[in-house]
file data33.cif (mmCIF, C-alpha atoms, pLDDT in the B column; chains and numbers go by the auth columns)
data_final
#
loop_
_atom_site.group_PDB
_atom_site.id
_atom_site.type_symbol
_atom_site.label_atom_id
_atom_site.label_comp_id
_atom_site.label_asym_id
_atom_site.label_seq_id
_atom_site.Cartn_x
_atom_site.Cartn_y
_atom_site.Cartn_z
_atom_site.B_iso_or_equiv
_atom_site.auth_seq_id
_atom_site.auth_asym_id
ATOM 1 C CA MET A 1 50.917 -15.723 193.283 44.00 119 A
ATOM 2 C CA MET A 2 49.107 -16.678 196.484 44.00 120 A
ATOM 3 C CA LEU A 3 46.120 -14.674 197.643 47.00 121 A
ATOM 4 C CA PRO A 4 45.769 -13.912 201.349 50.00 122 A
ATOM 5 C CA MET A 5 43.105 -16.109 202.936 53.00 123 A
ATOM 6 C CA ASP A 6 41.569 -13.241 204.882 53.00 124 A
ATOM 7 C CA LYS A 7 39.746 -11.587 201.995 58.00 125 A
ATOM 8 C CA ARG A 8 36.952 -12.844 199.754 61.00 126 A
ATOM 9 C CA THR A 9 37.669 -12.782 196.041 63.00 127 A
ATOM 10 C CA ASP A 10 34.320 -14.069 194.757 81.00 128 A
ATOM 11 C CA LYS A 11 31.976 -11.063 194.938 89.00 129 A
ATOM 12 C CA ALA A 12 28.802 -13.081 194.354 90.00 130 A
ATOM 13 C CA THR A 13 29.571 -15.440 197.242 89.00 131 A
ATOM 14 C CA ALA A 14 30.655 -12.498 199.395 88.00 132 A
ATOM 15 C CA THR A 15 27.250 -10.899 198.876 93.00 133 A
ATOM 16 C CA VAL A 16 25.473 -14.138 199.813 95.00 134 A
ATOM 17 C CA ILE A 17 27.654 -14.544 202.931 93.00 135 A
ATOM 18 C CA ASP A 18 26.994 -10.958 204.011 92.00 136 A
ATOM 19 C CA GLU A 19 23.251 -11.499 203.672 96.00 137 A
ATOM 20 C CA ALA A 20 23.478 -14.764 205.638 96.00 138 A
ATOM 21 C CA LEU A 21 25.313 -12.961 208.439 93.00 139 A
ATOM 22 C CA ARG A 22 22.556 -10.344 208.590 96.00 140 A
ATOM 23 C CA LEU A 23 19.988 -13.146 208.670 96.00 141 A
ATOM 24 C CA ARG A 24 21.925 -14.900 211.443 95.00 142 A
ATOM 25 C CA ALA A 25 21.835 -11.746 213.549 94.00 143 A
ATOM 26 C CA ALA A 26 18.093 -11.325 212.994 97.00 144 A
ATOM 27 C CA ALA A 27 16.785 -14.905 212.991 97.00 145 A
ATOM 28 C CA GLY A 28 19.544 -17.243 214.150 95.00 146 A
ATOM 29 C CA VAL A 29 21.951 -19.800 212.743 95.00 147 A
ATOM 30 C CA GLY A 30 19.313 -22.207 211.384 96.00 148 A
ATOM 31 C CA PRO A 31 17.668 -19.815 208.928 97.00 149 A
ATOM 32 C CA ALA A 32 21.074 -18.461 207.893 97.00 150 A
ATOM 33 C CA ALA A 33 22.354 -21.992 207.236 97.00 151 A
ATOM 34 C CA THR A 34 19.257 -22.779 205.170 97.00 152 A
ATOM 35 C CA TYR A 35 19.784 -19.590 203.181 98.00 153 A
ATOM 36 C CA LEU A 36 23.395 -20.558 202.432 97.00 154 A
ATOM 37 C CA TYR A 37 22.347 -24.098 201.484 96.00 155 A
ATOM 38 C CA THR A 38 19.766 -22.800 199.019 97.00 156 A
ATOM 39 C CA ARG A 39 22.448 -20.568 197.486 96.00 157 A
ATOM 40 C CA CYS A 40 24.816 -23.571 197.002 93.00 158 A
ATOM 41 C CA VAL A 41 27.471 -22.311 199.409 93.00 159 A
ATOM 42 C CA PRO A 42 29.701 -25.262 200.374 92.00 160 A
ATOM 43 C CA VAL A 43 28.936 -26.583 203.841 93.00 161 A
ATOM 44 C CA TRP A 44 32.515 -26.052 205.087 92.00 162 A
ATOM 45 C CA ILE A 45 32.269 -22.354 204.224 90.00 163 A
ATOM 46 C CA ALA A 46 28.820 -22.039 205.792 93.00 164 A
ATOM 47 C CA HIS A 47 30.109 -23.684 208.970 92.00 165 A
ATOM 48 C CA ARG A 48 33.137 -21.406 209.140 90.00 166 A
ATOM 49 C CA VAL A 49 31.176 -18.178 208.768 90.00 167 A
ATOM 50 C CA LEU A 50 28.165 -19.091 210.906 92.00 168 A
ATOM 51 C CA VAL A 51 29.651 -21.147 213.728 88.00 169 A
ATOM 52 C CA ARG A 52 33.210 -19.831 213.936 80.00 170 A
ATOM 53 C CA PRO A 53 33.010 -16.078 213.313 67.00 171 A
ATOM 54 C CA PRO A 54 36.670 -15.397 214.241 58.00 172 A
ATOM 55 C CA ARG A 55 37.684 -17.622 211.304 53.00 173 A
ATOM 56 C CA ARG A 56 35.592 -15.644 208.775 55.00 174 A
ATOM 57 C CA ARG A 57 37.312 -13.782 206.010 56.00 175 A
ATOM 58 C CA ARG A 58 36.795 -10.070 205.934 55.00 176 A
ATOM 59 C CA GLY A 59 35.097 -8.607 202.844 51.00 177 A
#
call {"tool": "encode", "arguments": {"input": "data33.cif", "output": "structure tokens"}}
result
Amino acid sequence: MMLPMDKRTDKATATVIDEALRLRAAAGVGPAATYLYTRCVPVWIAHRVLVRPPRRRRG
């Protein structure tokens, strides 16, 4: 069974991503990227959610 690619299935990563998006809104992309890096979020995911918001998955 294939899962739709528009919804997060890993709740821990979803929580980290949501926090990074709040940080991005408050402090910018750099601090949000650093936050994701320190939480071991793969760089391709960090890039997608921070630089290309239309390609983000919805919680």
call {"tool": "residues_near_point", "arguments": {"input": "data33.cif", "point": "(26.1, -23.7, 203.9)", "cutoff": "10 Å", "atoms": "all atoms listed in the file", "output": "JSON, numbers by chain"}}
result
{"A": [135, 138, 150, 151, 152, 153, 154, 155, 156, 157, 158, 159, 160, 161, 162, 163, 164, 165, 166, 167, 168]}
call {"tool": "atom_distance", "arguments": {"input": "data33.cif", "atom1": "atom CA of Asp128 of chain A", "atom2": "atom CA of Arg140 of chain A"}}
result
18.5 Å
call {"tool": "axis_aligned_box", "arguments": {"input": "data33.cif", "around": "segment 156-168 of chain A", "padding_each_side": "6 Å", "output": "AutoDock Vina command-line options"}}
result
--center_x 26.5 --center_y -22.4 --center_z 204.0 --size_x 25.4 --size_y 20.4 --size_z 25.9
